Amino acid sequence: MKEEICKQKMSLVEKLGVHLENREQLAPVAARILAYIILTGKKGTTFEEMVTVLCASKSTISTHLNHLQDLNKIQYFTKTGDRKKYFVIKKDTIIQHIDNMVSHWDEERKIHVEIKDYKESINNTKIKNNDEKFDLSFHDDYIKFIDGASDSIKALRVKITDNQFNI
(Lines give C-alpha, C1' and ligand atoms only; values in the text may rest on other atoms or scores of the structure.)
Protein backbone atom coordinates (compact mmCIF):
# COMPACT_ATOMS: atom_id res chain seq x y z
CA MET A 1 0.00 0.00 0.00
CA LYS A 2 2.76 2.47 1.00
CA GLU A 3 4.74 1.66 -2.17
CA GLU A 4 1.65 2.28 -4.31
CA ILE A 5 1.10 5.69 -2.67
CA CYS A 6 4.77 6.53 -3.28
CA LYS A 7 4.44 5.60 -6.98
CA GLN A 8 1.29 7.68 -7.25
CA LYS A 9 2.98 10.65 -5.59
CA MET A 10 5.99 10.48 -7.91
CA SER A 11 3.71 10.22 -10.93
CA LEU A 12 1.90 13.33 -9.72
CA VAL A 13 5.23 15.07 -9.07
CA GLU A 14 6.08 14.51 -12.72
CA LYS A 15 2.69 15.66 -14.04
CA LEU A 16 2.48 18.69 -11.76
CA GLY A 17 6.14 19.43 -12.44
CA VAL A 18 5.54 19.64 -16.19
CA HIS A 19 2.52 21.85 -15.57
CA LEU A 20 4.44 24.19 -13.24
CA GLU A 21 7.41 24.24 -15.58
CA ASN A 22 5.21 25.65 -18.33
CA ARG A 23 2.97 27.87 -16.21
CA GLU A 24 5.68 29.38 -14.01
CA GLN A 25 8.52 29.28 -16.57
CA LEU A 26 10.67 27.21 -14.21
CA ALA A 27 13.57 24.91 -14.95
CA PRO A 28 12.50 21.25 -14.98
CA VAL A 29 14.21 20.37 -11.68
CA ALA A 30 12.87 23.50 -9.95
CA ALA A 31 9.36 22.61 -11.13
CA ARG A 32 9.69 19.04 -9.77
CA ILE A 33 11.01 20.38 -6.46
CA LEU A 34 8.04 22.72 -6.20
CA ALA A 35 5.64 19.90 -7.13
CA TYR A 36 7.22 17.59 -4.53
CA ILE A 37 6.94 20.28 -1.85
CA ILE A 38 3.29 20.90 -2.75
CA LEU A 39 2.47 17.18 -2.59
CA THR A 40 4.35 16.67 0.67
CA GLY A 41 2.18 19.27 2.40
CA LYS A 42 2.55 21.17 5.61
CA LYS A 43 4.83 18.64 7.30
CA GLY A 44 7.51 19.91 4.93
CA THR A 45 10.32 18.12 3.19
CA THR A 46 14.03 18.30 3.80
CA PHE A 47 16.92 18.98 1.46
CA GLU A 48 18.23 15.44 1.99
CA GLU A 49 14.86 13.89 1.20
CA MET A 50 14.64 15.83 -2.08
CA VAL A 51 18.16 14.81 -3.10
CA THR A 52 17.23 11.16 -2.56
CA VAL A 53 13.70 11.15 -3.97
CA LEU A 54 14.24 13.44 -6.95
CA CYS A 55 17.55 11.77 -7.89
CA ALA A 56 19.40 15.02 -8.37
CA SER A 57 22.75 16.22 -7.07
CA LYS A 58 23.05 18.26 -3.90
CA SER A 59 24.25 21.30 -5.82
CA THR A 60 21.33 21.10 -8.27
CA ILE A 61 18.75 20.80 -5.49
CA SER A 62 20.44 23.59 -3.51
CA THR A 63 20.54 25.94 -6.52
CA HIS A 64 16.88 25.41 -7.33
CA LEU A 65 15.74 25.64 -3.68
CA ASN A 66 17.51 28.99 -3.41
CA HIS A 67 15.91 30.14 -6.68
CA LEU A 68 12.42 29.09 -5.51
CA GLN A 69 12.98 30.96 -2.25
CA ASP A 70 14.14 34.04 -4.18
CA LEU A 71 10.91 33.82 -6.20
CA ASN A 72 8.93 33.66 -2.91
CA LYS A 73 7.35 30.36 -3.89
CA ILE A 74 8.61 28.36 -0.91
CA GLN A 75 9.72 28.94 2.65
CA TYR A 76 11.18 26.77 5.36
CA PHE A 77 10.73 26.19 9.05
CA THR A 78 12.86 24.38 11.59
CA LYS A 79 11.91 22.07 14.43
CA THR A 80 13.22 22.42 17.96
CA GLY A 81 16.28 20.24 18.44
CA ASP A 82 16.55 19.51 14.70
CA ARG A 83 18.94 21.49 12.50
CA LYS A 84 17.19 20.53 9.27
CA LYS A 85 15.13 22.94 7.21
CA TYR A 86 11.65 21.76 6.28
CA PHE A 87 10.46 23.32 3.03
CA VAL A 88 6.79 24.14 2.41
CA ILE A 89 4.81 26.08 -0.17
CA LYS A 90 4.35 29.75 0.63
CA LYS A 91 0.68 30.68 0.94
CA ASP A 92 1.39 33.90 -0.98
CA THR A 93 2.25 31.78 -4.02
CA ILE A 94 -1.36 30.61 -4.25
CA ILE A 95 -2.66 34.15 -3.76
CA GLN A 96 -0.33 35.47 -6.49
CA HIS A 97 -1.52 32.79 -8.89
CA ILE A 98 -5.18 33.58 -8.16
CA ASP A 99 -4.53 37.31 -8.64
CA ASN A 100 -2.84 36.60 -11.98
CA MET A 101 -5.77 34.45 -13.10
CA VAL A 102 -8.32 37.14 -12.17
CA SER A 103 -6.26 39.82 -13.92
CA HIS A 104 -6.00 37.69 -17.07
CA TRP A 105 -9.74 36.97 -17.03
CA ASP A 106 -10.55 40.66 -16.51
CA GLU A 107 -8.51 41.50 -19.61
CA GLU A 108 -10.26 38.81 -21.62
CA ARG A 109 -13.66 39.99 -20.40
CA LYS A 110 -12.93 43.58 -21.44
CA ILE A 111 -11.86 42.46 -24.91
CA HIS A 112 -14.99 40.33 -25.34
CA VAL A 113 -17.23 43.17 -24.17
CA GLU A 114 -15.53 45.52 -26.64
CA ILE A 115 -15.83 43.02 -29.51
CA LYS A 116 -19.46 42.34 -28.63
CA ASP A 117 -20.25 46.07 -28.52
CA TYR A 118 -18.57 46.55 -31.89
CA LYS A 119 -20.45 43.65 -33.48
CA GLU A 120 -23.71 44.87 -31.95
CA SER A 121 -23.23 48.35 -33.39
CA ILE A 122 -22.43 46.86 -36.82
CA ASN A 123 -25.54 44.68 -36.56
CA ASN A 124 -27.67 47.73 -35.74
CA THR A 125 -26.22 50.19 -38.25
CA LYS A 126 -24.60 48.43 -41.21
CA ILE A 127 -26.19 45.01 -41.71
CA LYS A 128 -29.78 44.83 -42.86
CA ASN A 129 -30.01 41.12 -43.68
CA ASN A 130 -30.57 39.11 -40.47
CA ASP A 131 -28.69 36.12 -41.91
CA GLU A 132 -25.53 38.24 -42.15
CA LYS A 133 -25.69 39.68 -38.63
CA PHE A 134 -23.16 38.68 -36.02
CA ASP A 135 -24.34 36.10 -33.51
CA LEU A 136 -23.60 37.67 -30.12
CA SER A 137 -24.58 34.69 -27.98
CA PHE A 138 -21.01 33.33 -27.87
CA HIS A 139 -19.77 36.56 -26.33
CA ASP A 140 -22.70 36.67 -23.90
CA ASP A 141 -22.01 33.11 -22.78
CA TYR A 142 -18.25 33.63 -22.57
CA ILE A 143 -18.62 36.82 -20.51
CA LYS A 144 -21.05 35.00 -18.22
CA PHE A 145 -18.53 32.15 -17.85
CA ILE A 146 -15.68 34.55 -17.02
CA ASP A 147 -17.87 36.35 -14.46
CA GLY A 148 -18.78 33.05 -12.77
CA ALA A 149 -15.22 31.75 -12.79
CA SER A 150 -13.89 35.05 -11.44
CA ASP A 151 -16.48 35.13 -8.65
CA SER A 152 -15.61 31.55 -7.66
CA ILE A 153 -11.85 32.09 -7.60
CA LYS A 154 -12.25 35.39 -5.71
CA ALA A 155 -14.32 33.54 -3.08
CA LEU A 156 -11.55 30.93 -2.82
CA ARG A 157 -8.99 33.71 -2.39
CA VAL A 158 -11.00 35.19 0.50
CA LYS A 159 -11.14 31.79 2.19
CA ILE A 160 -7.37 31.40 1.83
CA THR A 161 -6.58 34.88 3.14
CA ASP A 162 -9.07 34.46 6.01
CA ASN A 163 -7.26 31.22 6.95
CA GLN A 164 -10.32 29.05 6.37
CA PHE A 165 -7.95 26.46 4.88
CA ASN A 166 -4.98 25.03 6.73
CA ILE A 167 -2.60 24.94 3.79
# chains A, B, ... in the order shown; residues from 1 in each chain; ligands from 1

call {"tool": "residues_around", "arguments": {"residues": "Gln69 in chain A", "least_positions_apart": "3", "cutoff": "12 Å", "atoms": "only C-alpha atoms", "output": "list of chain:residue names"}}
result
A:Ala30, A:Ile33, A:Leu34, A:Ser62, A:Thr63, A:His64, A:Leu65, A:Asn66, A:Asn72, A:Lys73, A:Ile74, A:Gln75, A:Tyr76, A:Phe87, A:Val88, A:Ile89, A:Lys90, A:Thr93

call {"tool": "write_last_selection", "arguments": {"atoms": "N, CA, C and O atoms", "output": "mmCIF file, in the first residue's frame"}}
result
data_model
loop_
_atom_site.group_PDB
_atom_site.id
_atom_site.type_symbol
_atom_site.label_atom_id
_atom_site.label_comp_id
_atom_site.auth_asym_id
_atom_site.auth_seq_id
_atom_site.Cartn_x
_atom_site.Cartn_y
_atom_site.Cartn_z
ATOM 1 N N ALA A 30 13.550 22.571 -10.872
ATOM 2 C CA ALA A 30 12.870 23.500 -9.952
ATOM 3 C C ALA A 30 11.372 23.206 -9.908
ATOM 4 O O ALA A 30 10.761 23.217 -8.839
ATOM 5 N N ILE A 33 10.833 20.079 -7.880
ATOM 6 C CA ILE A 33 11.012 20.382 -6.461
ATOM 7 C C ILE A 33 9.749 21.037 -5.913
ATOM 8 O O ILE A 33 9.232 20.638 -4.863
ATOM 9 N N LEU A 34 9.253 22.021 -6.631
ATOM 10 C CA LEU A 34 8.040 22.715 -6.196
ATOM 11 C C LEU A 34 6.861 21.745 -6.124
ATOM 12 O O LEU A 34 6.100 21.751 -5.151
ATOM 13 N N SER A 62 20.148 22.368 -4.253
ATOM 14 C CA SER A 62 20.440 23.594 -3.515
ATOM 15 C C SER A 62 20.211 24.836 -4.380
ATOM 16 O O SER A 62 19.580 25.800 -3.942
ATOM 17 N N THR A 63 20.709 24.806 -5.597
ATOM 18 C CA THR A 63 20.544 25.941 -6.518
ATOM 19 C C THR A 63 19.071 26.244 -6.755
ATOM 20 O O THR A 63 18.645 27.399 -6.674
ATOM 21 N N HIS A 64 18.292 25.208 -7.017
ATOM 22 C CA HIS A 64 16.875 25.414 -7.326
ATOM 23 C C HIS A 64 16.051 25.772 -6.085
ATOM 24 O O HIS A 64 15.099 26.548 -6.180
ATOM 25 N N LEU A 65 16.422 25.236 -4.928
ATOM 26 C CA LEU A 65 15.743 25.635 -3.685
ATOM 27 C C LEU A 65 15.966 27.128 -3.425
ATOM 28 O O LEU A 65 15.038 27.848 -3.072
ATOM 29 N N ASN A 66 17.210 27.573 -3.605
ATOM 30 C CA ASN A 66 17.514 28.994 -3.415
ATOM 31 C C ASN A 66 16.738 29.857 -4.409
ATOM 32 O O ASN A 66 16.204 30.906 -4.046
ATOM 33 N N ASN A 72 9.975 33.670 -3.949
ATOM 34 C CA ASN A 72 8.928 33.662 -2.914
ATOM 35 C C ASN A 72 7.865 32.587 -3.134
ATOM 36 O O ASN A 72 6.703 32.776 -2.799
ATOM 37 N N LYS A 73 8.277 31.458 -3.674
ATOM 38 C CA LYS A 73 7.347 30.356 -3.895
ATOM 39 C C LYS A 73 7.365 29.362 -2.735
ATOM 40 O O LYS A 73 6.386 28.675 -2.501
ATOM 41 N N ILE A 74 8.490 29.291 -2.036
ATOM 42 C CA ILE A 74 8.608 28.363 -0.915
ATOM 43 C C ILE A 74 9.237 29.083 0.274
ATOM 44 O O ILE A 74 9.845 30.144 0.125
ATOM 45 N N GLN A 75 9.071 28.470 1.432
ATOM 46 C CA GLN A 75 9.724 28.937 2.652
ATOM 47 C C GLN A 75 10.094 27.705 3.460
ATOM 48 O O GLN A 75 9.710 26.588 3.118
ATOM 49 N N TYR A 76 10.829 27.913 4.514
ATOM 50 C CA TYR A 76 11.176 26.771 5.357
ATOM 51 C C TYR A 76 10.929 27.106 6.816
ATOM 52 O O TYR A 76 10.804 28.260 7.201
ATOM 53 N N PHE A 87 10.977 22.419 4.054
ATOM 54 C CA PHE A 87 10.456 23.324 3.030
ATOM 55 C C PHE A 87 8.973 23.077 2.787
ATOM 56 O O PHE A 87 8.529 21.922 2.704
ATOM 57 N N VAL A 88 8.231 24.179 2.684
ATOM 58 C CA VAL A 88 6.790 24.138 2.414
ATOM 59 C C VAL A 88 6.458 25.219 1.377
ATOM 60 O O VAL A 88 7.231 26.160 1.173
ATOM 61 N N ILE A 89 5.292 25.076 0.784
ATOM 62 C CA ILE A 89 4.811 26.077 -0.171
ATOM 63 C C ILE A 89 4.454 27.343 0.600
ATOM 64 O O ILE A 89 3.971 27.265 1.726
ATOM 65 N N LYS A 90 4.702 28.473 0.013
ATOM 66 C CA LYS A 90 4.347 29.751 0.628
ATOM 67 C C LYS A 90 2.919 30.090 0.222
ATOM 68 O O LYS A 90 2.579 30.044 -0.953
ATOM 69 N N THR A 93 2.128 32.309 -2.658
ATOM 70 C CA THR A 93 2.249 31.776 -4.018
ATOM 71 C C THR A 93 0.874 31.494 -4.600
ATOM 72 O O THR A 93 0.602 31.802 -5.766
#

call {"tool": "residues_around", "arguments": {"residues": "range 96-101 of chain A", "least_positions_apart": "3", "cutoff": "12 Å", "atoms": "only C-alpha atoms", "output": "ChimeraX atom specification"}}
result
/A:20,23-24,71-73,90-93,104-108,146,149-158,160-161

call {"tool": "residues_around", "arguments": {"residues": "Pro28 in chain A", "least_positions_apart": "5", "cutoff": "12 Å", "atoms": "only C-alpha atoms", "output": "ChimeraX atom specification"}}
result
/A:13-23,33-35,54,56,60-61,64

call {"tool": "residues_around", "arguments": {"residues": "Cys6 in chain A", "least_positions_apart": "4", "cutoff": "12 Å", "atoms": "only C-alpha atoms", "output": "list in words"}}
result
Met1, Lys2, Met10, Ser11, Leu12, Val13, Tyr36, Leu39, Thr40 and Val53 of chain A

call {"tool": "write_last_selection", "arguments": {"atoms": "N, CA, C and O atoms", "output": "CSV table (one decimal), in the first residue's frame"}}
result
chain,number,residue,atom,x,y,z
A,1,MET,N,0.8,-1.2,0.0
A,1,MET,CA,0.0,0.0,0.0
A,1,MET,C,0.9,1.3,0.0
A,1,MET,O,0.7,2.2,-0.8
A,2,LYS,N,1.9,1.3,0.9
A,2,LYS,CA,2.8,2.5,1.0
A,2,LYS,C,3.5,2.7,-0.3
A,2,LYS,O,3.7,3.8,-0.8
A,10,MET,N,4.9,10.1,-7.0
A,10,MET,CA,6.0,10.5,-7.9
A,10,MET,C,5.4,10.7,-9.3
A,10,MET,O,5.9,11.5,-10.1
A,11,SER,N,4.4,10.0,-9.6
A,11,SER,CA,3.7,10.2,-10.9
A,11,SER,C,3.1,11.6,-11.0
A,11,SER,O,3.2,12.3,-12.0
A,12,LEU,N,2.5,12.0,-9.8
A,12,LEU,CA,1.9,13.3,-9.7
A,12,LEU,C,3.0,14.4,-9.7
A,12,LEU,O,2.8,15.5,-10.2
A,13,VAL,N,4.1,14.1,-9.1
A,13,VAL,CA,5.2,15.1,-9.1
A,13,VAL,C,5.6,15.4,-10.5
A,13,VAL,O,5.9,16.5,-10.9
A,36,TYR,N,7.0,18.5,-5.7
A,36,TYR,CA,7.2,17.6,-4.5
A,36,TYR,C,6.9,18.3,-3.2
A,36,TYR,O,6.2,17.7,-2.3
A,39,LEU,N,3.1,18.5,-2.9
A,39,LEU,CA,2.5,17.2,-2.6
A,39,LEU,C,2.9,16.6,-1.2
A,39,LEU,O,2.2,15.7,-0.7
A,40,THR,N,3.9,17.1,-0.7
A,40,THR,CA,4.4,16.7,0.7
A,40,THR,C,3.5,17.4,1.7
A,40,THR,O,3.2,16.8,2.8
A,53,VAL,N,14.9,11.5,-3.2
A,53,VAL,CA,13.7,11.1,-4.0
A,53,VAL,C,13.7,11.7,-5.4
A,53,VAL,O,13.3,11.0,-6.3

call {"tool": "select_by_dssp", "arguments": {"residues": "chain A", "states": "helix (DSSP H, G or I)", "output": "ChimeraX atom specification"}}
result
/A:2-24,28-43,47-53,58-70,91-125,130-132,137-161

call {"tool": "residues_around", "arguments": {"residues": "Glu120 in chain A", "least_positions_apart": "4", "cutoff": "9 Å", "atoms": "only C-alpha atoms", "output": "list in words"}}
result
Ile115, Lys116, Asn124, Thr125, Lys133, Phe134, Asp135 and Leu136 of chain A

call {"tool": "atom_distance", "arguments": {"atom1": "CA of Lys110 in chain A", "atom2": "CA of Lys144 in chain A"}}
result
12.2 Å

call {"tool": "closest_residue", "arguments": {"among": "A:Asn130, A:Glu48, A:Phe138, A:Ile38", "to": "Lys84 in chain A", "atoms": "only C-alpha atoms"}}
result
A:Glu48

call {"tool": "atom_distance", "arguments": {"atom1": "CA of Thr78 in chain A", "atom2": "CA of Asn163 in chain A"}}
result
21.7 Å

call {"tool": "closest_residue", "arguments": {"among": "A:Lys126, A:Lys119, A:Thr52, A:Lys43", "to": "Lys79 in chain A", "atoms": "only C-alpha atoms"}}
result
A:Lys43
